[in-house]
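> My file is data19.txt. It has compact mmCIF, C-alpha atoms:
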# COMPACT_ATOMS: atom_id res chain seq x y z
CA MET A 1292 11.10 -6.52 5.75
CA PRO A 1293 13.64 -5.41 3.07
CA SER A 1294 14.84 -1.84 3.64
CA ASN A 1295 13.41 -0.57 0.36
CA ARG A 1296 9.97 -2.05 1.03
CA ILE A 1297 7.30 0.62 1.20
CA PRO A 1298 4.25 -0.15 3.40
CA ARG A 1299 1.15 -0.96 1.35
CA VAL A 1300 -2.52 -0.57 2.12
CA GLY A 1301 -5.07 -2.48 0.03
CA ILE A 1302 -8.49 -0.89 -0.32
CA GLY A 1303 -11.30 -3.13 -1.57
CA GLY A 1304 -15.05 -3.00 -1.73
CA PRO A 1305 -18.09 -3.26 -3.97
CA VAL A 1306 -18.59 -1.06 -7.05
CA GLY A 1307 -19.71 2.43 -5.98
CA SER A 1308 -18.92 1.97 -2.29
CA GLY A 1309 -16.46 4.89 -2.35
CA LYS A 1310 -12.98 3.37 -2.68
CA THR A 1311 -11.73 6.12 -4.99
CA MET A 1312 -13.35 8.86 -2.96
CA LEU A 1313 -11.81 7.47 0.23
CA ILE A 1314 -8.36 7.66 -1.37
CA GLU A 1315 -9.11 11.22 -2.53
CA GLN A 1316 -9.83 12.09 1.10
CA ILE A 1317 -6.90 10.23 2.61
CA VAL A 1318 -4.11 11.46 0.34
CA PRO A 1319 -4.46 15.24 0.94
CA ILE A 1320 -4.47 14.75 4.73
CA LEU A 1321 -1.44 12.47 4.64
CA SER A 1322 0.21 14.93 2.30
CA THR A 1323 -0.41 17.80 4.74
CA LYS A 1324 1.32 15.74 7.41
CA GLY A 1325 4.30 15.31 5.10
CA TYR A 1326 3.73 11.71 3.94
CA LYS A 1327 4.43 10.89 0.28
CA VAL A 1328 1.94 8.45 -1.23
CA GLY A 1329 1.80 6.43 -4.45
CA ILE A 1330 -1.46 4.98 -5.80
CA ILE A 1331 -2.15 1.85 -7.83
CA SER A 1332 -5.71 1.66 -9.09
CA ASN A 1333 -7.09 -1.65 -10.39
CA ASP A 1334 -10.00 -0.94 -12.67
CA VAL A 1335 -12.39 -3.59 -13.94
CA VAL A 1336 -13.38 -2.10 -17.28
CA SER A 1337 -11.90 1.37 -17.57
CA LYS A 1338 -9.12 3.69 -16.50
CA GLU A 1339 -11.65 6.13 -15.11
CA ASP A 1340 -10.71 5.85 -11.42
CA ALA A 1341 -6.98 6.19 -12.08
CA GLU A 1342 -7.56 9.13 -14.40
CA ARG A 1343 -9.85 10.83 -11.91
CA MET A 1344 -7.36 10.51 -9.06
CA ARG A 1345 -4.52 11.64 -11.29
CA ARG A 1346 -6.49 14.71 -12.27
CA ASN A 1347 -7.81 15.52 -8.78
CA LEU A 1348 -4.73 14.74 -6.70
CA ALA A 1349 -1.83 15.32 -9.08
CA THR A 1350 -2.75 17.64 -11.95
CA GLU A 1351 -5.09 20.04 -10.16
CA ARG A 1352 -3.83 19.96 -6.57
CA GLY A 1353 -0.19 19.08 -7.14
CA LEU A 1354 -0.14 16.68 -4.19
CA MET A 1355 1.91 14.11 -6.07
CA PRO A 1356 3.55 13.68 -9.47
CA GLU A 1357 1.15 12.36 -12.12
CA ASP A 1358 3.19 9.20 -12.63
CA LEU A 1359 2.53 8.16 -9.04
CA VAL A 1360 -1.06 7.26 -9.92
CA ILE A 1361 -0.88 4.04 -11.90
CA GLY A 1362 -3.87 2.28 -13.46
CA VAL A 1363 -3.81 -1.51 -13.79
CA ALA A 1364 -6.24 -3.51 -15.94
CA THR A 1365 -7.41 -6.78 -14.41
CA GLY A 1366 -8.78 -8.72 -17.36
CA GLY A 1367 -12.19 -8.71 -15.72
CA CYS A 1368 -10.75 -10.55 -12.71
CA PRO A 1369 -10.52 -8.05 -9.85
CA HIS A 1370 -10.24 -10.80 -7.22
CA THR A 1371 -7.46 -12.56 -9.03
CA ALA A 1372 -5.42 -9.40 -9.50
CA VAL A 1373 -5.12 -8.71 -5.78
CA ARG A 1374 -5.32 -12.21 -4.35
CA GLU A 1375 -4.77 -15.43 -6.35
CA ASP A 1376 -2.31 -13.94 -8.83
CA PRO A 1377 -1.12 -10.49 -7.75
CA SER A 1378 1.90 -10.68 -10.11
CA ILE A 1379 1.10 -7.59 -12.11
CA ASN A 1380 0.32 -5.50 -9.04
CA LEU A 1381 3.49 -6.73 -7.32
CA SER A 1382 5.46 -5.82 -10.40
CA VAL A 1383 4.06 -2.27 -10.33
CA VAL A 1384 4.75 -2.03 -6.58
CA GLU A 1385 8.36 -3.11 -7.15
CA GLU A 1386 8.73 -0.49 -9.88
CA LEU A 1387 7.45 2.19 -7.49
CA GLU A 1388 9.82 0.97 -4.78
CA SER A 1389 12.74 1.06 -7.13
CA LYS A 1390 12.04 4.42 -8.79
CA HIS A 1391 10.40 6.31 -5.89
CA ASN A 1392 11.95 4.92 -2.72
CA TYR A 1393 11.18 8.19 -0.91
CA LEU A 1394 7.50 7.18 -0.75
CA ASP A 1395 6.07 6.53 2.71
CA LEU A 1396 3.04 4.55 1.59
CA ILE A 1397 1.47 2.84 -1.41
CA LEU A 1398 -2.31 2.64 -1.64
CA ILE A 1399 -3.65 -0.18 -3.82
CA GLU A 1400 -7.28 0.14 -4.85
CA SER A 1401 -8.88 -3.10 -6.00
CA GLY A 1402 -11.40 -3.20 -8.80
CA GLY A 1403 -15.00 -2.92 -7.58
CA ASP A 1404 -16.16 -6.34 -6.52
CA ASN A 1405 -18.34 -8.29 -4.12
CA ILE A 1406 -18.09 -9.10 -0.43
CA THR A 1407 -15.56 -11.89 -0.86
CA THR A 1408 -12.69 -9.61 -1.87
CA THR A 1409 -9.48 -9.96 0.12
CA PHE A 1410 -5.88 -8.96 -0.59
CA SER A 1411 -2.95 -11.34 -0.76
CA PRO A 1412 -0.70 -10.61 2.24
CA ALA A 1413 2.17 -10.66 -0.27
CA LEU A 1414 0.63 -7.59 -1.88
CA ALA A 1415 -0.91 -5.57 0.97
CA ASP A 1416 0.30 -5.22 4.55
CA TYR A 1417 -3.02 -3.78 5.67
CA PHE A 1418 -6.48 -4.28 4.22
CA ILE A 1419 -9.27 -1.71 4.33
CA TYR A 1420 -12.67 -2.92 3.18
CA ILE A 1421 -15.28 -0.29 2.42
CA ILE A 1422 -19.03 -0.74 2.10
CA ASP A 1423 -21.84 1.79 2.15
CA VAL A 1424 -25.21 2.00 3.82
CA THR A 1425 -27.24 1.70 0.62
CA GLY A 1426 -26.99 -2.08 0.72
CA GLY A 1427 -28.98 -1.95 3.96
CA ASP A 1428 -28.01 -2.41 7.60
CA LYS A 1429 -27.86 -6.19 7.09
CA TYR A 1430 -24.54 -5.85 5.25
CA PRO A 1431 -22.11 -6.51 8.16
CA ARG A 1432 -24.33 -9.28 9.51
CA LYS A 1433 -24.22 -11.11 6.17
CA ARG A 1434 -20.47 -11.39 6.61
CA GLY A 1435 -18.25 -12.26 3.63
CA LEU A 1436 -14.47 -12.57 3.59
CA GLY A 1437 -13.89 -8.87 3.01
CA ILE A 1438 -15.97 -7.74 5.97
CA GLU A 1439 -14.72 -10.46 8.28
CA SER A 1440 -11.02 -10.44 7.51
CA CYS A 1441 -10.14 -6.82 6.74
CA ASP A 1442 -7.98 -4.90 9.21
CA LEU A 1443 -10.30 -1.90 9.05
CA LEU A 1444 -13.94 -1.89 7.97
CA VAL A 1445 -15.11 1.47 6.66
CA ILE A 1446 -18.84 2.11 6.34
CA ASN A 1447 -19.44 5.02 3.98
CA LYS A 1448 -22.33 7.35 3.04
CA ILE A 1449 -23.68 7.53 6.59
CA ASP A 1450 -25.43 10.80 5.71
CA ILE A 1451 -28.00 8.96 3.62
CA ALA A 1452 -28.63 6.15 6.12
CA PRO A 1453 -32.04 7.58 7.21
CA TYR A 1454 -33.20 7.75 3.59
CA VAL A 1455 -32.41 4.12 2.80
CA GLY A 1456 -33.66 2.72 6.10
CA ALA A 1457 -30.24 1.70 7.36
CA ASP A 1458 -29.78 1.77 11.14
CA LEU A 1459 -26.13 2.62 11.91
CA LYS A 1460 -26.44 1.22 15.45
CA ILE A 1461 -27.40 -2.17 14.01
CA MET A 1462 -24.46 -2.01 11.60
CA GLU A 1463 -22.09 -1.14 14.44
CA ARG A 1464 -23.43 -3.89 16.67
CA ASP A 1465 -23.22 -6.54 13.94
CA ALA A 1466 -19.76 -5.42 12.83
CA LYS A 1467 -18.55 -5.92 16.41
CA ILE A 1468 -20.04 -9.42 16.53
CA VAL A 1469 -18.62 -10.43 13.14
CA ARG A 1470 -15.25 -8.72 13.45
CA LYS A 1471 -14.70 -9.16 17.19
CA SER A 1472 -11.91 -6.78 18.23
CA LYS A 1473 -11.10 -5.43 14.77
CA PRO A 1474 -12.11 -1.81 14.19
CA THR A 1475 -14.95 -0.33 12.15
CA VAL A 1476 -15.16 3.33 11.16
CA PHE A 1477 -18.24 5.21 9.94
CA VAL A 1478 -17.55 7.91 7.37
CA ASN A 1479 -19.08 10.32 4.95
CA SER A 1480 -16.45 10.69 2.26
CA LYS A 1481 -18.26 13.65 0.73
CA THR A 1482 -17.69 15.79 3.82
CA SER A 1483 -14.61 14.10 5.34
CA GLN A 1484 -16.62 13.05 8.40
CA GLY A 1485 -14.79 10.15 10.05
CA ILE A 1486 -11.79 10.32 7.72
CA ASP A 1487 -9.46 11.39 10.55
CA SER A 1488 -10.06 8.02 12.20
CA VAL A 1489 -9.06 6.20 9.02
CA ILE A 1490 -5.90 8.32 8.85
CA SER A 1491 -5.15 7.55 12.46
CA TYR A 1492 -5.36 3.79 11.84
CA ILE A 1493 -3.08 4.09 8.81
CA ILE A 1494 -0.47 6.14 10.65
CA ASN A 1495 -0.49 3.98 13.78
CA ASP A 1496 -1.11 0.47 12.42
CA VAL A 1497 0.67 0.67 9.05
CA LEU A 1498 3.35 3.31 9.48
CA PHE A 1499 3.78 2.61 13.22
CA ALA A 1500 3.64 6.35 13.86
CA ALA A 1501 6.91 6.86 12.00
CA ALA A 1502 7.63 10.38 10.81
CA PRO A 1503 7.54 11.00 7.05
CA LYS A 1504 10.80 9.91 5.40
CA ASN A 1505 11.55 13.39 4.10
CA LEU A 1506 11.33 14.84 7.62
CA VAL A 1507 13.65 12.31 9.19
CA LYS A 1508 17.17 13.66 9.72
CA ARG A 1509 19.74 11.35 8.17
CA MET B 1226 12.51 -39.98 -8.76
CA ILE B 1227 10.88 -42.82 -10.78
CA PHE B 1228 7.61 -44.38 -9.72
CA MET B 1229 7.28 -48.13 -10.40
CA ASP B 1230 7.61 -49.04 -14.04
CA THR B 1231 6.23 -45.81 -15.40
CA GLU B 1232 8.27 -42.95 -16.81
CA ILE B 1233 6.73 -40.31 -14.61
CA ILE B 1234 9.43 -37.95 -13.37
CA ASP B 1235 9.55 -34.82 -11.22
CA GLY B 1236 9.79 -32.64 -14.33
CA ASP B 1237 6.36 -33.90 -15.43
CA ILE B 1238 4.76 -32.54 -12.29
CA SER B 1239 6.59 -29.23 -12.82
CA LEU B 1240 5.27 -29.25 -16.38
CA LEU B 1241 1.71 -29.53 -15.09
CA GLN B 1242 2.39 -26.81 -12.53
CA MET B 1243 3.79 -24.38 -15.13
CA SER B 1244 0.96 -25.04 -17.59
CA ASP B 1245 -1.75 -24.48 -15.00
CA SER B 1246 -3.65 -21.24 -15.50
CA PHE B 1247 -3.46 -20.92 -11.70
CA PHE B 1248 0.30 -20.39 -11.99
CA PRO B 1249 0.84 -16.70 -11.08
CA THR B 1250 2.13 -14.85 -14.13
CA GLY B 1251 -0.65 -12.33 -14.71
CA LEU B 1252 -1.48 -13.71 -18.15
CA TYR B 1253 -5.21 -13.74 -17.30
CA ALA B 1254 -5.14 -9.94 -17.67
CA THR B 1255 -3.93 -9.98 -21.30
CA SER B 1256 -6.05 -10.41 -24.42
CA ASN B 1257 -3.26 -9.82 -26.98
CA GLY B 1258 -5.38 -7.36 -28.94
CA LEU B 1259 -8.53 -9.48 -28.91
CA GLU B 1260 -10.34 -6.88 -26.81
CA ALA B 1261 -9.52 -4.18 -29.38
CA LEU B 1262 -10.61 -6.47 -32.22
CA SER B 1263 -13.90 -7.24 -30.49
CA GLN B 1264 -14.65 -3.49 -30.44
CA VAL B 1265 -14.46 -3.20 -34.23
CA LYS B 1266 -15.82 -6.56 -35.34
CA LYS B 1267 -18.47 -8.97 -34.12
CA LEU B 1268 -16.37 -12.07 -33.53
CA LYS B 1269 -17.42 -15.69 -33.85
CA SER B 1270 -15.85 -18.89 -32.63
CA ASN B 1271 -14.01 -19.44 -35.91
CA ASP B 1272 -12.47 -15.95 -35.72
CA ILE B 1273 -10.89 -16.81 -32.37
CA SER B 1274 -9.36 -19.94 -33.80
CA GLN B 1275 -7.91 -17.97 -36.71
CA PHE B 1276 -6.72 -15.20 -34.39
CA ILE B 1277 -4.74 -17.69 -32.30
CA THR B 1278 -3.42 -19.53 -35.36
CA ILE B 1279 -2.02 -16.31 -36.83
CA TYR B 1280 -0.34 -15.52 -33.53
CA LEU B 1281 1.14 -19.03 -33.33
CA GLN B 1282 2.48 -18.86 -36.88
CA GLN B 1283 3.58 -15.23 -37.01
CA VAL B 1284 4.38 -14.09 -33.48
CA VAL B 1285 4.45 -16.52 -30.58
CA GLY B 1286 6.10 -19.31 -32.59
CA PRO B 1287 8.92 -17.54 -34.45
CA CYS B 1288 9.49 -14.99 -31.70
CA ASP B 1289 8.58 -16.30 -28.25
CA CYS B 1290 9.22 -19.97 -28.86
CA THR B 1291 12.59 -19.26 -30.48
CA ALA B 1292 13.52 -16.99 -27.59
CA LEU B 1293 12.49 -19.70 -25.15
CA GLY B 1294 14.58 -22.35 -26.92
CA ASN B 1295 17.68 -20.16 -26.91
CA ALA B 1296 17.19 -19.09 -23.30
CA TYR B 1297 16.78 -22.72 -22.33
CA GLU B 1298 20.06 -23.70 -24.02
CA SER B 1299 21.89 -20.74 -22.47
CA CYS B 1300 20.60 -21.76 -19.06
CA LYS B 1301 21.63 -25.36 -19.61
CA LYS B 1302 25.15 -24.27 -20.63
CA ARG B 1303 25.25 -21.63 -17.88
CA ASP B 1304 26.05 -19.07 -20.53
CA LEU B 1305 24.85 -15.73 -19.14
CA ALA B 1306 26.23 -13.71 -22.06
CA SER B 1307 24.13 -15.57 -24.63
CA LEU B 1308 21.13 -15.43 -22.30
CA ILE B 1309 21.44 -11.63 -22.16
CA LYS B 1310 21.71 -11.52 -25.95
CA THR B 1311 18.50 -13.55 -26.26
CA ASP B 1312 16.80 -11.28 -23.72
CA GLU B 1313 17.80 -8.24 -25.75
CA SER B 1314 16.49 -9.70 -29.02
CA ALA B 1315 13.20 -10.84 -27.47
CA TYR B 1316 12.67 -7.45 -25.84
CA TYR B 1317 13.41 -5.15 -28.76
CA ILE B 1318 11.44 -7.20 -31.28
CA ARG B 1319 8.26 -6.28 -29.40
CA LEU B 1320 7.13 -3.15 -31.17
CA ILE B 1321 4.23 -2.09 -28.98
CA GLU B 1322 4.79 -0.70 -25.50
CA GLU B 1323 1.81 -2.30 -23.74
CA PRO B 1324 2.62 -5.95 -24.56
CA ARG B 1325 6.32 -5.27 -24.09
CA SER B 1326 5.94 -3.97 -20.55
CA ALA B 1327 3.36 -6.68 -19.70
CA SER B 1328 5.84 -9.30 -20.89
CA VAL B 1329 8.62 -7.87 -18.73
CA ARG B 1330 6.38 -7.69 -15.68
CA SER B 1331 5.12 -11.26 -16.10
CA GLY B 1332 8.62 -12.57 -16.77
CA ASN B 1333 10.08 -11.01 -13.65
CA GLN B 1334 7.28 -12.32 -11.46
CA LEU B 1335 7.70 -15.77 -12.98
CA LEU B 1336 11.40 -15.78 -12.07
CA LYS B 1337 10.63 -14.57 -8.59
CA CYS B 1338 8.11 -17.35 -8.08
CA VAL B 1339 10.20 -20.21 -9.51
CA SER B 1340 13.32 -19.08 -7.65
CA THR B 1341 11.56 -19.86 -4.38
CA PHE B 1342 11.26 -23.60 -5.10
CA SER B 1343 13.57 -24.61 -7.95
CA LYS B 1344 16.47 -26.84 -6.93
CA HIS B 1345 18.72 -25.37 -9.65
CA LYS B 1346 18.38 -21.65 -9.13
CA LYS B 1347 21.89 -20.48 -9.94
CA MET B 1348 21.05 -19.27 -13.46
CA ILE B 1349 17.82 -17.71 -12.24
CA LYS B 1350 19.87 -15.71 -9.74
CA TYR B 1351 22.46 -14.71 -12.36
CA TYR B 1352 19.67 -13.61 -14.70
CA GLN B 1353 17.89 -11.68 -11.94
CA ASN B 1354 21.14 -9.95 -11.07
CA ALA B 1355 21.58 -8.96 -14.72
CA ILE B 1356 18.03 -7.56 -14.67
CA GLY B 1357 18.75 -5.73 -11.42
CA ILE B 1358 21.69 -3.87 -12.94
CA GLY B 1359 19.86 -3.11 -16.18
CA LYS B 1360 21.74 -5.55 -18.43
CA ALA B 1361 18.60 -7.61 -19.11
CA THR B 1362 14.85 -7.11 -18.88
CA GLY B 1363 13.35 -10.47 -17.86
CA VAL B 1364 11.00 -10.53 -20.86
CA TYR B 1365 8.54 -13.41 -20.49
CA PRO B 1366 9.65 -16.07 -23.01
CA VAL B 1367 13.28 -15.77 -21.89
CA SER B 1368 12.32 -15.99 -18.22
CA PHE B 1369 10.14 -18.94 -19.13
CA GLY B 1370 13.09 -20.70 -20.78
CA VAL B 1371 15.27 -20.13 -17.71
CA ALA B 1372 12.51 -21.25 -15.34
CA THR B 1373 11.63 -24.44 -17.22
CA CYS B 1374 15.29 -25.39 -17.62
CA SER B 1375 15.77 -24.86 -13.89
CA LEU B 1376 12.84 -27.18 -13.22
CA ASP B 1377 14.17 -29.99 -15.46
CA ILE B 1378 11.27 -29.69 -17.88
CA PRO B 1379 12.41 -30.92 -21.33
CA LYS B 1380 12.85 -28.09 -23.83
CA ASN B 1381 10.24 -29.21 -26.35
CA LYS B 1382 7.68 -29.63 -23.60
CA ALA B 1383 8.57 -26.17 -22.29
CA GLY B 1384 7.73 -24.87 -25.78
CA LEU B 1385 4.40 -26.69 -25.65
CA ILE B 1386 3.56 -25.16 -22.28
CA LEU B 1387 4.38 -21.66 -23.54
CA LEU B 1388 2.18 -21.94 -26.62
CA TYR B 1389 -0.54 -23.84 -24.81
CA GLY B 1390 -0.53 -21.16 -22.10
CA PHE B 1391 -0.82 -18.46 -24.73
CA THR B 1392 -3.74 -20.28 -26.38
CA VAL B 1393 -5.55 -20.74 -23.08
CA SER B 1394 -5.03 -17.09 -22.14
CA VAL B 1395 -6.66 -15.92 -25.39
CA ILE B 1396 -9.53 -18.37 -24.92
CA GLY B 1397 -9.97 -17.08 -21.36
CA ALA B 1398 -10.08 -13.52 -22.64
CA ALA B 1399 -12.65 -14.50 -25.30
CA LEU B 1400 -14.83 -16.11 -22.63
CA ARG B 1401 -14.71 -13.02 -20.44
CA LEU B 1402 -15.41 -10.77 -23.42
CA GLY B 1403 -18.50 -12.86 -24.10
CA ILE B 1404 -17.31 -14.00 -27.53
CA LEU B 1405 -17.21 -17.70 -26.70
CA GLN B 1406 -19.01 -20.16 -24.50
CA HIS B 1407 -17.00 -22.43 -22.23
CA ILE B 1408 -17.38 -25.61 -24.29
CA ASP B 1409 -16.53 -23.80 -27.54
CA GLY B 1410 -13.32 -22.64 -25.88
CA GLN B 1411 -12.26 -26.18 -25.03
CA LYS B 1412 -13.11 -27.35 -28.54
CA ILE B 1413 -10.86 -24.68 -30.03
CA ILE B 1414 -7.97 -25.61 -27.73
CA HIS B 1415 -8.39 -29.24 -28.78
CA GLU B 1416 -8.50 -28.39 -32.47
CA LEU B 1417 -5.40 -26.18 -32.23
CA ARG B 1418 -3.18 -29.03 -31.01
CA PRO B 1419 -1.56 -29.60 -34.43
CA ALA B 1420 -0.88 -25.87 -34.88
CA ILE B 1421 0.70 -25.64 -31.42
CA LEU B 1422 2.84 -28.72 -32.00
CA LYS B 1423 3.94 -27.62 -35.46
CA SER B 1424 4.89 -24.17 -34.21
CA VAL B 1425 7.01 -25.60 -31.38
CA LEU B 1426 8.84 -28.07 -33.60
CA ARG B 1427 9.45 -25.46 -36.27
CA ASN B 1428 10.81 -22.75 -33.97
CA ILE B 1429 12.29 -24.02 -30.74
CA ASP B 1430 15.69 -25.02 -32.15
CA ARG B 1431 16.26 -22.00 -34.38
CA PRO B 1432 19.18 -19.68 -33.50
CA ILE B 1433 18.37 -16.35 -31.89
CA SER B 1434 19.74 -14.56 -34.95
CA SER B 1435 16.73 -15.87 -36.88
CA ILE B 1436 14.10 -14.59 -34.45
CA TRP B 1437 11.25 -12.80 -36.23
CA GLN B 1438 7.64 -11.78 -36.00
CA PHE B 1439 5.38 -10.28 -38.61
CA ALA B 1440 1.74 -9.52 -37.92
CA PRO B 1441 1.15 -5.83 -38.73
CA GLY B 1442 -2.62 -6.16 -38.38
CA LEU B 1443 -2.21 -7.49 -34.86
CA ASP B 1444 0.34 -4.77 -34.05
CA ILE B 1445 -2.17 -2.12 -35.10
CA LEU B 1446 -4.80 -3.77 -32.90
CA GLN B 1447 -2.40 -3.65 -29.94
CA MET B 1448 -1.76 0.04 -30.66
CA LYS B 1449 -5.50 0.68 -30.75
CA HIS B 1450 -5.82 -1.12 -27.45
CA GLU B 1451 -3.29 1.23 -25.87
CA ALA B 1452 -5.51 4.15 -26.77
CA MET B 1453 -8.82 2.64 -25.65
CA SER B 1454 -10.38 4.60 -22.79
CA SER B 1455 -12.44 1.68 -21.52
CA LYS B 1456 -10.86 -1.74 -21.30
CA MET B 1457 -10.71 -4.86 -19.18
CA PHE B 1458 -7.33 -6.15 -20.31
CA ILE B 1459 -3.72 -4.93 -20.07
CA THR B 1460 -3.10 -5.70 -23.76
As structure tokens - that is how I would like this structure written.

Amino acid sequence: MPSNRIPRVGIGGPVGSGKTMLIEQIVPILSTKGYKVGIISNDVVSKEDAERMRRNLATERGLMPEDLVIGVATGGCPHTAVREDPSINLSVVEELESKHNYLDLILIESGGDNITTTFSPALADYFIYIIDVTGGDKYPRKRGLGIESCDLLVINKIDIAPYVGADLKIMERDAKIVRKSKPTVFVNSKTSQGIDSVISYIINDVLFAAAPKNLVKR
Amino acid sequence: MIFMDTEIIDGDISLLQMSDSFFPTGLYATSNGLEALSQVKKLKSNDISQFITIYLQQVVGPCDCTALGNAYESCKKRDLASLIKTDESAYYIRLIEEPRSASVRSGNQLLKCVSTFSKHKKMIKYYQNAIGIGKATGVYPVSFGVATCSLDIPKNKAGLILLYGFTVSVIGAALRLGILQHIDGQKIIHELRPAILKSVLRNIDRPISSIWQFAPGLDILQMKHEAMSSKMFIT
């Protein structure tokens, strides 16, 4: 890996599953631990997600400079932008690496899409796929490239599972069958429930438990 | 390599590869102002054809194709200084920030991709080094000229690929914006063959000092696109 390469986590999932909210939960915790994060947000038809994260994480909370949240338009092709032709995203990543080499991590949010989303390994070192319980407890069982191949499956909105008839035990069982030894985490992004586990996977599996760059004595 | 009595050469395969919309340059995410235009006017098939024709005559031909031709010649002569001059002209002639930065991003990724398999990558490396130290930008048509030269694609055919690729990218955008149906799109591409050919022949051999573009209406559309709060495309 080139020395200026910053580890990258791709976050994909269907529209409304909670990708943006997950990032809004992850970044403050990583920030508290001293990690500097940049965000690339691929939107399908608007800049809303990027603008929301910029406002919530940078402008209001001062957790990062505003120019570290970058919105990327995908021409209506969210799959293509992170898999078949990740050129534009790679270009933005390289710009971040060149201008902000102090960053510890880059989070790349894909545009909301269906269950076949995956990230090109050239773009993301680690792939988090997020779904929510409102699609029913059959979701993991129905498979799909995203669910099967991601490094970490996050199942969100567990607080409303009883109201939509989703059995979390069934989801857990089926995720184990489909994903074998790869991990699944249940979260409620509204209350931060389960988010610590996601953070733990990022720190251990992506950053290899390395200390934040700005805390390392040179 | 020559196969039997035909004139099929390696460069022909590279030509097909570079003209394939699957080739990773990010052009699928650009509409060249068509998205902004579709917000202010209900567009029909004929409008798309006119939109592309204006671009071919007023922007992509006299600007991009001329830049490509000059970059190609510089690459062939291994003349880095003239390549940098072409890069500078092609970069600064782009008035609007969105298409300018999209062009630089696509151009750099194109170089990166072609440098992994081209047999003649010396000029690509020189050009990338110049970009790395801020002496050049890697703007798309110049990178395209360097890449096609490095792949032994004849210059005129490189011009055809560039303009064909532009045409297909606008048609793709029109399809995704719901302006066209798939068969209409292919019909337009077919009908634009003479315009593409004419634009290449008219512009590819012109000196870089004569590079120009003039399409103020399209520039205003691109500016409007920059300010749109809801959009699918980069440009």
> Which residue is closest to chain B? Choose from A:Gly1485, A:Gly1366, A:Pro1474, A:Pro1377 and count all atoms listed in the file.
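Distance minimum relative to chain B lands on A:Gly1366.
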> Report the distance between CA of Val1497 (chain A) and CA of Cys1441 (chain A) in Å, rounded to one decimal place.
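Value for the CA of Val1497 (chain A)-CA of Cys1441 (chain A) distance: 13.4 Å.
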> Can you measure CA of Ile1429 (chain B) to CA of Asp1444 (chain B) for me? One decimal in Å is fine.
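So the two atoms, CA of Ile1429 (chain B) and CA of Asp1444 (chain B), lie 22.9 Å apart.
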> Residues of chain B no more than 7 Å from chain A, counting only C-alpha atoms: send them over as a ChimeraX atom specification.
/B:1249-1251,1253-1255,1330-1331,1334,1401,1454-1459
> Which is closest to Pro1298 (chain A) among A:Val1469, A:Ile1406, A:Leu1354, A:Val1384, if we use all atoms listed in the file?
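Closest candidate: A:Val1384.
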> Skip Glu1323 (chain B) itself and residues of its chain fewer than 3 positions away, then list as a list in words all residues within 7 Å of it, counting all atoms listed in the file.
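Non-adjacent residues within range: Ser1326, Ala1327, Glu1451 and Thr1460 of chain B.
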> Could you add the missing atoms to region 1351-1362 of chain A, up to N, CA and C atoms, and return them as a PDB file, keeping the file's coordinate frame?

ATOM      1  N   GLU A1351      -4.449  18.816 -10.670  1.00  0.00           N
ATOM      2  CA  GLU A1351      -5.090  20.040 -10.160  1.00  0.00           C
ATOM      3  C   GLU A1351      -4.537  20.497  -8.815  1.00  0.00           C
ATOM      4  N   ARG A1352      -4.240  19.553  -7.924  1.00  0.00           N
ATOM      5  CA  ARG A1352      -3.830  19.960  -6.570  1.00  0.00           C
ATOM      6  C   ARG A1352      -2.333  19.833  -6.327  1.00  0.00           C
ATOM      7  N   GLY A1353      -1.657  19.183  -7.246  1.00  0.00           N
ATOM      8  CA  GLY A1353      -0.190  19.080  -7.140  1.00  0.00           C
ATOM      9  C   GLY A1353       0.287  18.331  -5.900  1.00  0.00           C
ATOM     10  N   LEU A1354      -0.534  17.388  -5.409  1.00  0.00           N
ATOM     11  CA  LEU A1354      -0.140  16.680  -4.190  1.00  0.00           C
ATOM     12  C   LEU A1354       0.862  15.568  -4.465  1.00  0.00           C
ATOM     13  N   MET A1355       0.965  15.174  -5.697  1.00  0.00           N
ATOM     14  CA  MET A1355       1.910  14.110  -6.070  1.00  0.00           C
ATOM     15  C   MET A1355       2.189  14.231  -7.571  1.00  0.00           C
ATOM     16  N   PRO A1356       3.326  13.686  -8.023  1.00  0.00           N
ATOM     17  CA  PRO A1356       3.550  13.680  -9.470  1.00  0.00           C
ATOM     18  C   PRO A1356       2.515  12.788 -10.167  1.00  0.00           C
ATOM     19  N   GLU A1357       2.182  13.124 -11.398  1.00  0.00           N
ATOM     20  CA  GLU A1357       1.150  12.360 -12.120  1.00  0.00           C
ATOM     21  C   GLU A1357       1.521  10.889 -12.277  1.00  0.00           C
ATOM     22  N   ASP A1358       2.818  10.601 -12.404  1.00  0.00           N
ATOM     23  CA  ASP A1358       3.190   9.200 -12.630  1.00  0.00           C
ATOM     24  C   ASP A1358       3.139   8.357 -11.363  1.00  0.00           C
ATOM     25  N   LEU A1359       2.696   8.952 -10.261  1.00  0.00           N
ATOM     26  CA  LEU A1359       2.530   8.160  -9.040  1.00  0.00           C
ATOM     27  C   LEU A1359       1.096   7.651  -8.877  1.00  0.00           C
ATOM     28  N   VAL A1360       0.259   7.888  -9.877  1.00  0.00           N
ATOM     29  CA  VAL A1360      -1.060   7.260  -9.920  1.00  0.00           C
ATOM     30  C   VAL A1360      -1.054   6.320 -11.114  1.00  0.00           C
ATOM     31  N   ILE A1361      -1.053   5.024 -10.832  1.00  0.00           N
ATOM     32  CA  ILE A1361      -0.880   4.040 -11.900  1.00  0.00           C
ATOM     33  C   ILE A1361      -2.138   3.182 -12.028  1.00  0.00           C
ATOM     34  N   GLY A1362      -2.691   3.118 -13.207  1.00  0.00           N
ATOM     35  CA  GLY A1362      -3.870   2.280 -13.460  1.00  0.00           C
ATOM     36  C   GLY A1362      -3.437   0.898 -13.905  1.00  0.00           C
TER      37      GLY A1362
END
